[in-house]
Each structure stands twice: as structure tokens, then as C-alpha cells.
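Enquirer: Sharing entry_32.cif here; it has mmCIF, C-alpha atoms.
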```cif
data_data
loop_
_atom_site.label_atom_id
_atom_site.label_comp_id
_atom_site.auth_asym_id
_atom_site.auth_seq_id
_atom_site.Cartn_x
_atom_site.Cartn_y
_atom_site.Cartn_z
CA MET Z 1 0.28 67.61 -98.44
CA ILE Z 2 0.27 63.89 -97.74
CA PRO Z 3 3.65 62.50 -96.69
CA ILE Z 4 5.00 59.80 -98.97
CA GLU Z 5 5.20 57.37 -96.04
CA HIS Z 6 1.43 57.10 -95.84
CA TYR Z 7 1.22 55.78 -99.39
CA LEU Z 8 4.00 53.30 -98.63
CA PHE Z 9 2.29 52.24 -95.39
CA LEU Z 10 -0.92 51.54 -97.30
CA SER Z 11 1.02 49.59 -99.89
CA SER Z 12 2.93 47.48 -97.34
CA PHE Z 13 -0.27 46.76 -95.42
CA MET Z 14 -1.93 45.49 -98.59
CA PHE Z 15 1.11 43.41 -99.46
CA VAL Z 16 1.21 41.74 -96.03
CA THR Z 17 -2.54 41.11 -96.23
CA GLY Z 18 -2.01 39.39 -99.56
CA VAL Z 19 0.80 37.24 -98.15
CA VAL Z 20 -1.33 36.18 -95.17
CA GLY Z 21 -4.18 35.36 -97.55
CA VAL Z 22 -1.94 33.21 -99.76
CA ILE Z 23 -0.67 31.26 -96.75
CA THR Z 24 -3.90 30.78 -94.80
CA ARG Z 25 -6.57 30.29 -97.47
CA ARG Z 26 -7.08 26.92 -99.18
CA ASN Z 27 -9.43 27.97 -101.96
CA ALA Z 28 -7.38 28.36 -105.15
CA ILE Z 29 -9.47 31.29 -106.38
CA VAL Z 30 -9.08 33.23 -103.13
CA VAL Z 31 -5.32 32.57 -103.22
CA PHE Z 32 -5.35 33.97 -106.74
CA MET Z 33 -7.17 37.08 -105.55
CA SER Z 34 -4.60 37.55 -102.78
CA ILE Z 35 -1.90 37.50 -105.46
CA GLU Z 36 -3.76 40.26 -107.28
CA LEU Z 37 -3.76 42.20 -104.01
CA MET Z 38 0.03 41.93 -103.81
CA LEU Z 39 0.43 42.99 -107.45
CA ASN Z 40 -1.67 46.07 -106.74
CA SER Z 41 0.37 47.02 -103.69
CA ALA Z 42 3.50 46.97 -105.88
CA ASN Z 43 1.67 49.11 -108.44
CA LEU Z 44 0.86 51.63 -105.74
CA VAL Z 45 4.56 52.03 -104.87
CA PHE Z 46 5.40 52.55 -108.55
CA VAL Z 47 2.75 55.25 -108.98
CA THR Z 48 3.71 56.93 -105.69
CA PHE Z 49 7.35 57.33 -106.60
CA SER Z 50 6.48 58.26 -110.18
CA SER Z 51 4.33 61.09 -108.89
CA TYR Z 52 6.68 62.27 -106.15
CA LEU Z 53 9.76 62.26 -108.39
CA GLY Z 54 7.95 63.62 -111.45
CA ASN Z 55 9.12 60.71 -113.61
CA VAL Z 56 6.70 59.01 -115.99
CA THR Z 57 8.48 55.63 -116.09
CA GLY Z 58 6.77 54.29 -112.96
CA GLN Z 59 3.32 54.74 -114.46
CA LEU Z 60 4.40 53.03 -117.67
CA VAL Z 61 5.63 50.07 -115.64
CA VAL Z 62 2.24 49.96 -113.91
CA PHE Z 63 0.58 49.90 -117.33
CA PHE Z 64 2.69 46.91 -118.35
CA VAL Z 65 2.08 45.19 -115.00
CA MET Z 66 -1.67 45.54 -115.57
CA ALA Z 67 -1.41 43.94 -119.00
CA VAL Z 68 0.65 41.06 -117.59
CA ALA Z 69 -1.82 40.67 -114.72
CA ALA Z 70 -4.69 40.40 -117.19
CA ALA Z 71 -2.84 37.69 -119.13
CA GLU Z 72 -1.94 35.92 -115.89
CA ALA Z 73 -5.54 35.98 -114.65
CA ALA Z 74 -6.84 34.53 -117.92
CA VAL Z 75 -4.33 31.67 -118.00
CA GLY Z 76 -4.51 31.00 -114.26
CA LEU Z 77 -8.28 30.81 -114.21
CA ALA Z 78 -8.20 28.50 -117.23
CA ILE Z 79 -5.81 26.24 -115.30
CA ILE Z 80 -8.16 26.31 -112.29
CA ILE Z 81 -11.07 25.31 -114.54
CA ALA Z 82 -9.02 22.48 -116.04
CA ILE Z 83 -8.08 21.21 -112.56
CA PHE Z 84 -11.67 21.47 -111.38
CA ARG Z 85 -12.80 19.43 -114.38
CA ASN Z 86 -10.42 16.63 -113.44
CA LYS Z 87 -10.56 16.62 -109.63
CA LEU Z 88 -13.91 18.36 -108.90
CA THR Z 89 -12.27 20.53 -106.27
CA VAL Z 90 -10.28 23.73 -105.99
CA ASN Z 91 -9.04 23.00 -102.49
CA LEU Z 92 -5.27 23.33 -102.61
CA ASP Z 93 -4.74 20.61 -99.99
CA GLU Z 94 -6.39 18.06 -102.27
CA ILE Z 95 -4.59 19.08 -105.45
CA ASN Z 96 -1.40 17.10 -104.97
CA ILE Z 97 -1.00 15.04 -108.15
CA LEU Z 98 2.57 16.25 -108.61
CA LYS Z 99 3.51 15.37 -105.02
CA TRP Z 100 5.00 12.07 -104.01
CA MET S 1 -6.88 69.37 -93.43
CA SER S 2 -7.13 69.85 -97.16
CA LEU S 3 -9.63 68.14 -99.43
CA GLU S 4 -6.81 66.13 -100.94
CA SER S 5 -5.87 64.60 -97.59
CA VAL S 6 -9.50 63.87 -96.74
CA LEU S 7 -9.95 62.04 -100.03
CA PHE S 8 -6.70 60.12 -99.60
CA TYR S 9 -7.54 58.89 -96.10
CA PHE S 10 -11.09 58.02 -97.18
CA PHE S 11 -9.93 55.90 -100.11
CA ALA S 12 -7.07 54.41 -98.08
CA ALA S 13 -9.53 53.33 -95.38
CA ILE S 14 -11.70 51.68 -98.05
CA SER S 15 -8.69 49.84 -99.43
CA ILE S 16 -7.54 48.63 -96.00
CA VAL S 17 -10.95 47.41 -94.85
CA THR S 18 -11.76 45.64 -98.13
CA SER S 19 -8.33 44.02 -98.36
CA ILE S 20 -8.95 42.44 -94.95
CA LEU S 21 -12.42 41.35 -96.12
CA VAL S 22 -10.89 39.68 -99.19
CA ILE S 23 -8.86 37.23 -97.13
CA SER S 24 -11.29 36.82 -94.21
CA SER S 25 -14.68 36.17 -95.82
CA LYS S 26 -15.49 32.51 -96.30
CA ASN S 27 -17.64 32.99 -99.39
CA PRO S 28 -15.44 33.48 -102.50
CA VAL S 29 -18.10 35.70 -104.12
CA LEU S 30 -17.86 38.09 -101.16
CA SER S 31 -14.07 38.05 -101.51
CA ALA S 32 -14.32 38.97 -105.17
CA LEU S 33 -16.79 41.79 -104.51
CA SER S 34 -14.52 43.16 -101.75
CA LEU S 35 -11.61 43.00 -104.16
CA ILE S 36 -13.58 45.08 -106.69
CA LEU S 37 -14.20 47.70 -103.97
CA ASN S 38 -10.52 47.55 -103.05
CA PHE S 39 -9.52 48.28 -106.65
CA ALA S 40 -11.99 51.17 -106.79
CA GLY S 41 -10.47 52.60 -103.59
CA LEU S 42 -7.00 52.23 -105.07
CA ALA S 43 -8.16 54.12 -108.17
CA GLY S 44 -9.15 56.97 -105.84
CA VAL S 45 -5.71 56.85 -104.21
CA TYR S 46 -4.13 57.04 -107.68
CA LEU S 47 -6.20 60.16 -108.36
CA THR S 48 -4.75 61.86 -105.28
CA LEU S 49 -1.34 61.14 -106.85
CA TYR S 50 -2.45 62.90 -110.08
CA ALA S 51 -2.21 59.62 -112.00
CA GLN S 52 -5.43 60.05 -113.97
CA PHE S 53 -4.69 57.55 -116.72
CA ILE S 54 -3.67 54.79 -114.31
CA ALA S 55 -6.75 55.44 -112.15
CA VAL S 56 -9.11 55.04 -115.11
CA VAL S 57 -7.28 51.96 -116.39
CA GLN S 58 -7.42 50.49 -112.89
CA VAL S 59 -11.20 50.74 -112.87
CA ILE S 60 -11.68 49.53 -116.45
CA VAL S 61 -9.12 46.70 -116.55
CA TYR S 62 -8.95 45.49 -112.96
CA ALA S 63 -12.36 46.22 -111.46
CA GLY S 64 -14.04 45.68 -114.81
CA ALA S 65 -12.39 43.00 -116.91
CA ILE S 66 -10.29 40.89 -114.54
CA MET S 67 -12.82 40.74 -111.71
CA VAL S 68 -15.65 39.83 -114.09
CA LEU S 69 -13.46 36.92 -115.19
CA PHE S 70 -12.97 35.93 -111.54
CA LEU S 71 -16.70 36.13 -110.82
CA PHE S 72 -17.53 34.02 -113.86
CA VAL S 73 -15.09 31.31 -112.77
CA ILE S 74 -16.38 31.38 -109.18
CA MET S 75 -19.91 30.87 -110.46
CA LEU S 76 -18.85 28.13 -112.88
CA ILE S 77 -17.06 26.30 -110.11
CA ARG S 78 -19.41 25.42 -107.30
CA PRO S 79 -18.20 27.71 -104.48
CA GLU S 80 -17.71 25.11 -101.79
CA ALA S 81 -17.08 26.31 -98.28
CA GLU S 82 -13.62 25.74 -96.86
CA ARG S 83 -15.12 23.46 -94.30
CA ASN S 84 -13.53 23.04 -90.91
CA TYR S 85 -10.26 24.49 -92.03
CA PHE S 86 -10.40 27.47 -89.70
CA GLN S 87 -11.45 25.32 -86.76
CA GLU S 88 -8.85 22.64 -87.38
CA ARG S 89 -5.80 24.82 -87.79
CA LYS S 90 -6.48 27.87 -85.67
CA SER S 91 -2.97 27.97 -84.21
CA PHE S 92 -1.44 27.87 -87.70
CA LYS S 93 -3.61 30.79 -88.75
CA MET S 94 -2.66 32.77 -85.65
CA LEU S 95 1.03 32.07 -86.30
CA THR S 96 0.69 33.30 -89.88
CA ILE S 97 -1.02 36.50 -88.80
CA GLY S 98 1.67 37.05 -86.16
CA ILE S 99 4.41 36.68 -88.74
CA GLY S 100 2.50 39.04 -91.01
CA VAL S 101 2.34 41.68 -88.28
CA ILE S 102 6.09 41.32 -87.65
CA VAL S 103 6.88 41.71 -91.37
CA LEU S 104 4.57 44.74 -91.56
CA GLY S 105 6.40 46.30 -88.61
CA GLN S 106 9.73 45.74 -90.29
CA LEU S 107 8.49 47.27 -93.55
CA MET S 108 7.17 50.31 -91.70
CA PHE S 109 10.47 50.73 -89.85
CA LEU S 110 12.36 50.57 -93.15
CA ILE S 111 10.00 53.08 -94.76
CA ILE S 112 10.31 55.53 -91.86
CA SER S 113 14.07 55.30 -91.75
CA GLY S 114 14.56 55.20 -95.52
CA THR S 115 12.34 57.90 -96.99
CA SER S 116 13.55 60.88 -95.00
CA MET S 117 15.05 62.32 -98.16
CA PHE S 118 11.64 62.50 -99.88
CA THR S 119 9.55 63.94 -97.09
CA SER S 120 10.49 67.56 -97.64
CA GLY S 121 9.50 67.82 -101.29
CA GLY S 122 5.97 66.56 -101.56
CA HIS S 123 4.68 66.24 -105.09
CA SER S 124 7.20 67.48 -107.57
CA GLU S 125 6.43 70.24 -110.04
CA GLN S 126 6.08 67.96 -113.04
CA SER S 127 3.78 65.43 -111.36
CA LEU S 128 0.67 67.26 -112.58
CA GLU S 129 1.45 66.59 -116.23
CA VAL S 130 3.15 63.22 -115.73
CA GLY S 131 -0.09 61.29 -115.26
CA THR S 132 -1.97 62.60 -118.27
CA VAL S 133 -3.02 60.36 -121.14
CA GLU S 134 -1.09 62.55 -123.55
CA ARG S 135 2.23 62.12 -121.75
CA ILE S 136 1.86 58.38 -121.20
CA GLY S 137 0.71 57.79 -124.77
CA TRP S 138 3.65 59.79 -126.06
CA GLU S 139 6.11 57.70 -124.06
CA LEU S 140 4.41 54.45 -125.10
CA MET S 141 4.68 55.32 -128.78
CA THR S 142 8.29 56.55 -128.65
CA SER S 143 10.74 55.16 -126.12
CA TYR S 144 8.60 52.21 -124.97
CA LEU S 145 7.34 51.07 -128.37
CA LEU S 146 9.00 47.63 -128.27
CA PRO S 147 7.64 46.65 -124.82
CA PHE S 148 4.23 47.94 -125.94
CA GLU S 149 4.23 45.63 -128.97
CA ALA S 150 5.56 42.76 -126.85
CA ILE S 151 2.73 43.18 -124.36
CA GLY S 152 0.23 43.01 -127.21
CA PHE S 153 1.76 39.75 -128.36
CA LEU S 154 1.74 38.44 -124.77
CA LEU S 155 -1.98 39.17 -124.46
CA LEU S 156 -2.68 37.37 -127.74
CA ALA S 157 -0.69 34.33 -126.60
CA ALA S 158 -2.41 34.36 -123.19
CA SER S 159 -5.91 34.48 -124.68
CA ILE S 160 -5.12 31.58 -127.04
CA GLY S 161 -3.51 29.67 -124.17
CA ALA S 162 -6.53 30.23 -121.91
CA MET S 163 -8.85 28.90 -124.59
CA VAL S 164 -6.69 25.81 -125.17
CA LEU S 165 -6.40 25.12 -121.43
CA ALA S 166 -10.10 25.50 -120.71
CA LYS S 167 -11.19 23.35 -123.65
CA LYS S 168 -13.01 20.17 -122.82
CA LYS S 169 -10.88 17.65 -124.72
CA PHE S 170 -7.28 18.35 -123.79
CA GLU S 171 -5.00 17.07 -126.56
#
```
Now, as a test, write the supplied structure out as C-alpha cells.

Expert:
Amino acid sequence: MIPIEHYLFLSSFMFVTGVVGVITRRNAIVVFMSIELMLNSANLVFVTFSSYLGNVTGQLVVFFVMAVAAAEAAVGLAIIIAIFRNKLTVNLDEINILKW
Amino acid sequence: MSLESVLFYFFAAISIVTSILVISSKNPVLSALSLILNFAGLAGVYLTLYAQFIAVVQVIVYAGAIMVLFLFVIMLIRPEAERNYFQERKSFKMLTIGIGVIVLGQLMFLIISGTSMFTSGGHSEQSLEVGTVERIGWELMTSYLLPFEAIGFLLLAASIGAMVLAKKKFE
């Protein structure tokens, strides 16, 4: 029997990896993928506790999170395409039109 | 060591290695492919938790649909290298990784000290039937009907919004 901590360790490792990716990478698409990594680590915690407590609600929340993530990916990638069309770059250091 | 544990540690190792590859590879296409492998590994981890429906949806929706979208956008947008960034700001990167390690240590400490009440039980009796399609579908159609409909509307709005945003003439 696998202790519940091991699932939570895996999840926290993936979350920290996602945070480091968001901070260090400058490519907007890779930052987006790091956000997906963090979303999935949260999903893993939901499924873990759902399974260990025998309660179905956690898996339903994961289902909804997946639907929201799909919507978020579609809109976010459309925004990235729109920015690329205007500025010809996806480097986050050069996208500063709202900065002053 | 039971087969279940072997499978869990195998899939967990895949997830850990590929999640590091996602943030460390300089080519965005390699990052996306590593992320697909990471999602597949996570689906295996979900299977060791008896969450069959979530595991299948993870492969179909995440590794299938969302990552294909990512790959299409990467190939539409010329994948330029993040030139010189790693050379220029090495100390910043090291600082970030250090902070990440500290946060990970804190999370692990909290998990060890906080989950002592769950360690004895293991999987509960009901967890075998909790993850089935039948059970989840039943809950979706009864007590979670309103969120289910709302999520359908959200997806419709998001697809229309994506089309409007990505259109050539923005008006």
C-alpha cells in the first residue's frame, strides 16, 4: 500500500517545478505550459484525497478543472497568437505595452 | 513490493523527470512533448488511485486535445530560441531554483506533519467504485447538474472568444 504522502510529494514537486518554470522562462508558451503543470499537480491532490477518503467529489472537481483548463488554453493561446501578430515576438520581456 | 507500488513509482518517476524537462529544454517543441509524457505518467498515477474515468479523460483531453493545440500554436509561431537569457541572468535563475527548493522543503514538512491521520487507513473501502464512469456520471447528472451545464456554456463562450481573438481583423 502506497502511503498518501508519496502522492502529495509528487504533487508538490510538480507544483514547485511549475512555479520555477513560470519565473525563469521568458517564452510565453513555455510559461503557459508551466501553468498547466501546476493545474495538474492540484488535480493530483484532489484525486488522491478523493480516493483515500472514498468521496467522489474530488474527482468531479478534477473534471470541472479539466474543462476550465481546456477553455483557458484555447483563449490563452488565441491571445498569444494575437500578440505575436502585433509584436512578432512571444518573449515576455518585450511584451510591455501596458507598462509605463 | 506489490505490483501497485512498482507501477506507482514507475509513473511517478516519469512525471518527475518530464516535468523537469518541460522547464529546462530550450526548444518549446521539446517542452510540449515532455508535457505530453508528463500527462501520460499522471494518468498512470491516477490509475493506481483507482480513478479510471479521470485517467482516461486526462489522456484524451490533456495529452490529446490541449497539447495538440499547444503544438499547433508553437508551429504557427516561429519557435525562436530564448537567446542569451540563461547566460545573462544565471544568478537570478539559481536564486529562483533555491527558493523553489526551500518552498518544496516546507511543503514536504507540512505534508509529513499534517497527514499522520491518513497514513493508517490506506485506500478506503469505497474507493474502488468511486472512480468508475457510472458513479461519476450519476453524480454529474444529479447533484452537480448545474455546474455541468455551466461548464458547457463556459466552453462554448471560450471557443467563440478564441475565434474572435485569433481573427485577423480585430474589431

Enquirer: How far is it from CA of Tyr7 (chain Z) to CA of Val22 (chain S), in Å with one decimal?

Expert: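 Going from CA of Tyr7 (chain Z) over to CA of Val22 (chain S) covers 20.1 Å.
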
Enquirer: Return the neighbours of chain S among the residues of chain Z, cut-off 8 Å, counting only C-alpha atoms, as a VMD selection string.

Expert: chain Z and resid 1 to 5 8 to 10 12 to 14 16 to 21 23 to 27 29 to 30 33 to 34 37 44 47 to 48 50 to 56 59 to 60 62 to 64 66 to 68 70 to 79 81 to 82 84 91

Enquirer: Expressed in Å to a single decimal, how great is the separation between CA of Phe153 (chain S) and CA of Asn43 (chain Z)?

Expert: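 The value is 22.0 Å.
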
Enquirer: As an exercise, work out the distance from CA of Trp138 (chain S) to CA of Ala69 (chain Z) in Å and give it to one decimal place.

Expert: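 Calculated distance between CA of Trp138 (chain S) and CA of Ala69 (chain Z) is 22.9 Å.
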
Enquirer: I'd like the box whose edges run along x, y and z of the file and which contains every listed atom of region 1-17 of chain Z, padded by 3 Å per side; could you state its centre and edge lengths in Å, one decimal, as AutoDock Vina command-line options?

Expert:
```
--center_x 1.3 --center_y 54.4 --center_z -97.6 --size_x 13.7 --size_y 32.5 --size_z 10.5
```

Enquirer: Give the answer as one residue: which of S:Leu30, S:Ile14, S:Gly44, S:Thr142 has the shortest atom-to-atom distance to Val59 (chain S), using all atoms listed in the file?

Expert: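 Using all atoms listed in the file, Val59 (chain S) sits closest to S:Gly44.
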
Enquirer: Reconstruct N, CA and C atoms of region 40-55 of chain Z; output as a PDB file, in the frame of the given file.

Expert:
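So the final result, stored in result_4.pdb, reads:
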```
ATOM      1  N   ASN Z  40      -1.190  44.694-106.818  1.00  0.00           N
ATOM      2  CA  ASN Z  40      -1.670  46.070-106.740  1.00  0.00           C
ATOM      3  C   ASN Z  40      -0.895  46.889-105.735  1.00  0.00           C
ATOM      4  N   SER Z  41      -0.423  46.247-104.649  1.00  0.00           N
ATOM      5  CA  SER Z  41       0.370  47.020-103.690  1.00  0.00           C
ATOM      6  C   SER Z  41       1.683  47.450-104.331  1.00  0.00           C
ATOM      7  N   ALA Z  42       2.270  46.569-105.170  1.00  0.00           N
ATOM      8  CA  ALA Z  42       3.500  46.970-105.880  1.00  0.00           C
ATOM      9  C   ALA Z  42       3.210  48.103-106.845  1.00  0.00           C
ATOM     10  N   ASN Z  43       2.052  48.021-107.532  1.00  0.00           N
ATOM     11  CA  ASN Z  43       1.670  49.110-108.440  1.00  0.00           C
ATOM     12  C   ASN Z  43       1.574  50.437-107.718  1.00  0.00           C
ATOM     13  N   LEU Z  44       1.033  50.389-106.488  1.00  0.00           N
ATOM     14  CA  LEU Z  44       0.860  51.630-105.740  1.00  0.00           C
ATOM     15  C   LEU Z  44       2.213  52.279-105.447  1.00  0.00           C
ATOM     16  N   VAL Z  45       3.227  51.461-105.115  1.00  0.00           N
ATOM     17  CA  VAL Z  45       4.560  52.030-104.870  1.00  0.00           C
ATOM     18  C   VAL Z  45       5.100  52.666-106.143  1.00  0.00           C
ATOM     19  N   PHE Z  46       4.919  51.988-107.285  1.00  0.00           N
ATOM     20  CA  PHE Z  46       5.400  52.550-108.550  1.00  0.00           C
ATOM     21  C   PHE Z  46       4.765  53.915-108.813  1.00  0.00           C
ATOM     22  N   VAL Z  47       3.437  53.989-108.672  1.00  0.00           N
ATOM     23  CA  VAL Z  47       2.750  55.250-108.980  1.00  0.00           C
ATOM     24  C   VAL Z  47       3.160  56.326-107.982  1.00  0.00           C
ATOM     25  N   THR Z  48       3.321  55.939-106.700  1.00  0.00           N
ATOM     26  CA  THR Z  48       3.710  56.930-105.690  1.00  0.00           C
ATOM     27  C   THR Z  48       5.038  57.576-106.043  1.00  0.00           C
ATOM     28  N   PHE Z  49       6.043  56.737-106.326  1.00  0.00           N
ATOM     29  CA  PHE Z  49       7.350  57.330-106.600  1.00  0.00           C
ATOM     30  C   PHE Z  49       7.354  58.053-107.942  1.00  0.00           C
ATOM     31  N   SER Z  50       6.577  57.553-108.903  1.00  0.00           N
ATOM     32  CA  SER Z  50       6.480  58.260-110.180  1.00  0.00           C
ATOM     33  C   SER Z  50       5.943  59.663-109.973  1.00  0.00           C
ATOM     34  N   SER Z  51       4.930  59.780-109.096  1.00  0.00           N
ATOM     35  CA  SER Z  51       4.330  61.090-108.890  1.00  0.00           C
ATOM     36  C   SER Z  51       5.243  61.993-108.065  1.00  0.00           C
ATOM     37  N   TYR Z  52       5.872  61.421-107.020  1.00  0.00           N
ATOM     38  CA  TYR Z  52       6.680  62.270-106.150  1.00  0.00           C
ATOM     39  C   TYR Z  52       7.982  62.699-106.805  1.00  0.00           C
ATOM     40  N   LEU Z  53       8.514  61.880-107.719  1.00  0.00           N
ATOM     41  CA  LEU Z  53       9.760  62.260-108.390  1.00  0.00           C
ATOM     42  C   LEU Z  53       9.508  62.919-109.733  1.00  0.00           C
ATOM     43  N   GLY Z  54       8.233  62.982-110.171  1.00  0.00           N
ATOM     44  CA  GLY Z  54       7.950  63.620-111.450  1.00  0.00           C
ATOM     45  C   GLY Z  54       8.510  62.866-112.630  1.00  0.00           C
ATOM     46  N   ASN Z  55       8.550  61.525-112.547  1.00  0.00           N
ATOM     47  CA  ASN Z  55       9.120  60.710-113.610  1.00  0.00           C
ATOM     48  C   ASN Z  55       8.036  59.774-114.126  1.00  0.00           C
TER      49      ASN Z  55
END
```
